[in-house]
There are 2 protein chains.
Amino acid sequence: MSDAPDLLTALIDALRCLPGVGAKSAQRMAFHLLERDRDGGTHLAGVLQRAMQGIGHCKSCRNFSESDECAICANPTRDPALLCVVETPADLLALEQATGYRGRYFVLMGRLSPLDGMGPQDLGVELLKRKLAGGEVRELVIATNPTVEGEATAHWLGQLAHAAGVRPTRLAHGVPLGGELEYVDRGTLAHAFGSRRDLED
Amino acid sequence: MSDAPDLLTALIDALRCLPGVGAKSAQRMAFHLLERDRDGGTHLAGVLQRAMQGIGHCKSCRNFSESDECAICANPTRDPALLCVVETPADLLALEQATGYRGRYFVLMGRLSPLDGMGPQDLGVELLKRKLAGGEVRELVIATNPTVEGEATAHWLGQLAHAAGVRPTRLAHGVPLGGELEYVDRGTLAHAFGSRRDLED
């Protein structure tokens, strides 16, 4: 390795900052870009530079945004009476792509997790309380993940909503569409069975 | 998606130029860098920019190099009588890391492949012929891959060597170390059986 070009080694090392990319993948990526896609690599370098410097957080919902206020918060056709709380920007994107939701969001950028030192302050609780107390929000859609920490966070958010006189709702849990009962885990199946609903005509 | 920040979308798109990275992985990478490793992302952007512009090919062996001549070719302790031909810089790196080879290399940057339009000219045949005719090289170690195209390339390289009065050698093929015969493919096993060697004391 001592004879390898320094810049190439530096590129392979730098690529390893990407999640899920180890030594071999990084090497493959570096060689691919050098051999076949220098324009793509140069483009990526430019966009990456601008994104790392230019993307901050929306002052209203804490989502990633280039400007002070993100496009969703700045959009006047979005219903201010609905506020959906998600853990991460990736969750927000998933909801945007899957649902026709036309309300606004609040991004915790994490979840309550005492072991990781994540408390209410780190999740923007003051900003959220101000929003709930503002009088505009009528329903708080709690869309944290159905994990132990996500459920604890949902419980805490529910209490915040009740205290502010806002109606909290939670995403439905149950058997995923297209799933087969045989392969659904026990916890989900028990929950789905217990939460069975009347069939309507 | 129309409400997503433009720079974020551009970053996710740009990351897809990396091999093996689809829409979901690119999104995960972008969010990871933004949430947890902005310094790493900025560093990667800088190195990538410099690498795409600064890394060319060694004028002597065709490997990637920042300078006119790569570190291996410029190293006077490397034996000029040995020349190892590989298909790609990745193959060269693998040999450097695994073997104690102290000769020099020639990187084809491909293999004979008429279907892909790769002929001798694309593999630097003129440069290789000049090297073989130079009188310094005594052994041509042919380390192309044991694929159909790699074997055809090896055959062609062997003819070039013979024509120049240089001794061509080929990497040994057989059962990989640590492999179990039960799981070795038939072709390899037949080759290993046919090429069996006397056990020495």
# chains A, B, ... in the order shown; residues from 1 in each chain; ligands from 1
$ interface_residues --of "chain A" --to "chain B" --cutoff "6 Å" --atoms "only C-alpha atoms" --output "MDAnalysis selection string"
chainID A and resid 3 5 11 14 17:19 29 38 40 42 44:45 47:49 52 65 71:72
$ write_last_selection --atoms "C-alpha atoms" --output "short mmCIF file (atom, residue, chain, number, x, y, z; two decimals), in the first residue's frame"
data_model
loop_
_atom_site.label_atom_id
_atom_site.label_comp_id
_atom_site.auth_asym_id
_atom_site.auth_seq_id
_atom_site.Cartn_x
_atom_site.Cartn_y
_atom_site.Cartn_z
CA ASP A 3 3.30 2.60 -3.25
CA PRO A 5 -1.05 7.05 -4.91
CA LEU A 11 -10.40 9.17 -1.54
CA ALA A 14 -12.96 9.54 2.78
CA CYS A 17 -17.63 8.08 6.11
CA LEU A 18 -20.73 6.93 4.18
CA PRO A 19 -22.94 4.52 6.17
CA MET A 29 -16.62 3.25 -5.55
CA ARG A 38 -15.53 11.41 -13.43
CA GLY A 40 -20.62 12.25 -11.79
CA THR A 42 -17.15 16.00 -9.75
CA LEU A 44 -21.24 14.86 -6.39
CA ALA A 45 -18.30 16.73 -4.87
CA VAL A 47 -23.37 19.21 -4.45
CA LEU A 48 -21.97 17.59 -1.30
CA GLN A 49 -19.92 20.68 -0.50
CA MET A 52 -22.94 20.28 3.99
CA SER A 65 -33.94 23.23 5.03
CA ALA A 71 -40.95 24.65 1.88
CA ILE A 72 -43.70 22.79 3.79
#
$ residues_around --residues "B:His155" --least-positions-apart "2" --cutoff "12 Å" --atoms "only C-alpha atoms" --output "mmCIF file with C-alpha atoms, in the first residue's frame"
data_model
loop_
_atom_site.group_PDB
_atom_site.id
_atom_site.type_symbol
_atom_site.label_atom_id
_atom_site.label_comp_id
_atom_site.auth_asym_id
_atom_site.auth_seq_id
_atom_site.Cartn_x
_atom_site.Cartn_y
_atom_site.Cartn_z
ATOM 1 C CA ARG B 111 -9.557 -6.862 -21.183
ATOM 2 C CA LEU B 112 -9.965 -8.029 -24.770
ATOM 3 C CA ILE B 142 0.104 -12.614 -16.769
ATOM 4 C CA ALA B 143 -2.414 -11.956 -13.978
ATOM 5 C CA THR B 144 -5.623 -11.385 -15.934
ATOM 6 C CA ASN B 145 -8.778 -12.797 -14.382
ATOM 7 C CA PRO B 146 -9.667 -16.473 -14.934
ATOM 8 C CA VAL B 148 -13.407 -16.295 -20.620
ATOM 9 C CA GLU B 149 -12.298 -12.811 -21.627
ATOM 10 C CA GLY B 150 -9.404 -12.793 -19.178
ATOM 11 C CA GLU B 151 -8.144 -16.138 -20.549
ATOM 12 C CA ALA B 152 -8.390 -14.855 -24.132
ATOM 13 C CA THR B 153 -6.435 -11.785 -23.075
ATOM 14 C CA LEU B 157 -0.419 -11.504 -24.010
ATOM 15 C CA GLY B 158 1.460 -14.821 -24.112
ATOM 16 C CA GLN B 159 1.862 -14.482 -27.880
ATOM 17 C CA LEU B 160 3.126 -10.915 -27.502
ATOM 18 C CA ALA B 161 5.699 -12.110 -24.957
ATOM 19 C CA HIS B 162 6.874 -15.017 -27.116
ATOM 20 C CA PRO B 168 5.368 -15.503 -20.142
ATOM 21 C CA THR B 169 4.038 -16.978 -16.880
ATOM 22 C CA ARG B 170 0.476 -17.304 -15.598
#
$ select_by_dssp --residues "stretch 60-164 of chain B" --states "alpha helix (DSSP H)" --output "number ranges by chain"
B: 71-74, 89-98, 125-133, 148-163
$ write_last_selection --atoms "C-alpha atoms" --output "PDB file, in the first residue's frame"
ATOM      1  CA  ALA B  71       5.090   5.553  -7.254  1.00  0.00           C
ATOM      2  CA  ILE B  72       5.721   1.939  -8.269  1.00  0.00           C
ATOM      3  CA  CYS B  73       7.281   2.810 -11.643  1.00  0.00           C
ATOM      4  CA  ALA B  74       9.334   5.586 -10.042  1.00  0.00           C
ATOM      5  CA  PRO B  89      -5.950  -0.961 -10.691  1.00  0.00           C
ATOM      6  CA  ALA B  90      -8.065  -2.931  -8.191  1.00  0.00           C
ATOM      7  CA  ASP B  91      -6.305  -6.134  -9.271  1.00  0.00           C
ATOM      8  CA  LEU B  92      -2.951  -4.401  -8.850  1.00  0.00           C
ATOM      9  CA  LEU B  93      -3.897  -3.305  -5.321  1.00  0.00           C
ATOM     10  CA  ALA B  94      -5.020  -6.837  -4.441  1.00  0.00           C
ATOM     11  CA  LEU B  95      -1.676  -8.281  -5.591  1.00  0.00           C
ATOM     12  CA  GLU B  96       0.284  -5.575  -3.758  1.00  0.00           C
ATOM     13  CA  GLN B  97      -1.596  -6.293  -0.551  1.00  0.00           C
ATOM     14  CA  ALA B  98      -1.385 -10.094  -0.797  1.00  0.00           C
ATOM     15  CA  VAL B 125      -0.718  -2.557 -26.715  1.00  0.00           C
ATOM     16  CA  GLU B 126       1.816  -0.170 -28.290  1.00  0.00           C
ATOM     17  CA  LEU B 127       3.185   0.869 -24.900  1.00  0.00           C
ATOM     18  CA  LEU B 128       3.366  -2.782 -23.787  1.00  0.00           C
ATOM     19  CA  LYS B 129       5.145  -3.843 -26.998  1.00  0.00           C
ATOM     20  CA  ARG B 130       7.735  -1.080 -26.494  1.00  0.00           C
ATOM     21  CA  LYS B 131       8.317  -2.310 -22.933  1.00  0.00           C
ATOM     22  CA  LEU B 132       8.732  -5.921 -24.069  1.00  0.00           C
ATOM     23  CA  ALA B 133      11.067  -4.892 -26.892  1.00  0.00           C
ATOM     24  CA  VAL B 148     -13.407 -16.295 -20.620  1.00  0.00           C
ATOM     25  CA  GLU B 149     -12.298 -12.811 -21.627  1.00  0.00           C
ATOM     26  CA  GLY B 150      -9.404 -12.793 -19.178  1.00  0.00           C
ATOM     27  CA  GLU B 151      -8.144 -16.138 -20.549  1.00  0.00           C
ATOM     28  CA  ALA B 152      -8.390 -14.855 -24.132  1.00  0.00           C
ATOM     29  CA  THR B 153      -6.435 -11.785 -23.075  1.00  0.00           C
ATOM     30  CA  ALA B 154      -3.853 -13.993 -21.353  1.00  0.00           C
ATOM     31  CA  HIS B 155      -3.437 -16.042 -24.533  1.00  0.00           C
ATOM     32  CA  TRP B 156      -2.901 -12.882 -26.584  1.00  0.00           C
ATOM     33  CA  LEU B 157      -0.419 -11.504 -24.010  1.00  0.00           C
ATOM     34  CA  GLY B 158       1.460 -14.821 -24.112  1.00  0.00           C
ATOM     35  CA  GLN B 159       1.862 -14.482 -27.880  1.00  0.00           C
ATOM     36  CA  LEU B 160       3.126 -10.915 -27.502  1.00  0.00           C
ATOM     37  CA  ALA B 161       5.699 -12.110 -24.957  1.00  0.00           C
ATOM     38  CA  HIS B 162       6.874 -15.017 -27.116  1.00  0.00           C
ATOM     39  CA  ALA B 163       7.222 -12.699 -30.099  1.00  0.00           C
TER      40      ALA B 163
END
$ atom_distance --atom1 "atom CA of B:Val141" --atom2 "atom CA of B:Ser60"
16.7 Å
$ atom_distance --atom1 "atom CA of A:Gly165" --atom2 "atom CA of A:Gly124"
19.3 Å
$ closest_residue --among "A:Leu140, A:Arg102, A:Ala172, A:Gly117" --to "A:Pro76" --atoms "only C-alpha atoms"
A:Arg102
$ closest_residue --among "B:Ala192, B:Val184, B:Val137, B:Ala23" --to "B:Ala81" --atoms "only C-alpha atoms"
B:Val137
$ atom_distance --atom1 "atom CA of B:Glu87" --atom2 "atom CA of B:Ala164"
20.7 Å
$ select_by_dssp --residues "stretch 25-68 of chain B" --states "strand (DSSP E or B)" --output "tab-separated table (two decimals) with N, CA, C and O atoms, in the first residue's frame"
chain	number	residue	atom	x	y	z
B	56	GLY	N	-4.62	11.05	-12.82
B	56	GLY	CA	-4.56	10.66	-14.22
B	56	GLY	C	-3.97	9.26	-14.32
B	56	GLY	O	-4.15	8.46	-13.40
B	57	HIS	N	-3.29	8.98	-15.42
B	57	HIS	CA	-2.69	7.66	-15.59
B	57	HIS	C	-1.17	7.78	-15.67
B	57	HIS	O	-0.64	8.73	-16.24
B	64	PHE	N	-3.58	4.32	-12.19
B	64	PHE	CA	-3.95	5.66	-11.74
B	64	PHE	C	-2.76	6.29	-11.03
B	64	PHE	O	-2.05	5.63	-10.27
B	65	SER	N	-2.55	7.57	-11.25
B	65	SER	CA	-1.44	8.25	-10.61
B	65	SER	C	-1.69	9.75	-10.61
B	65	SER	O	-2.28	10.30	-11.53
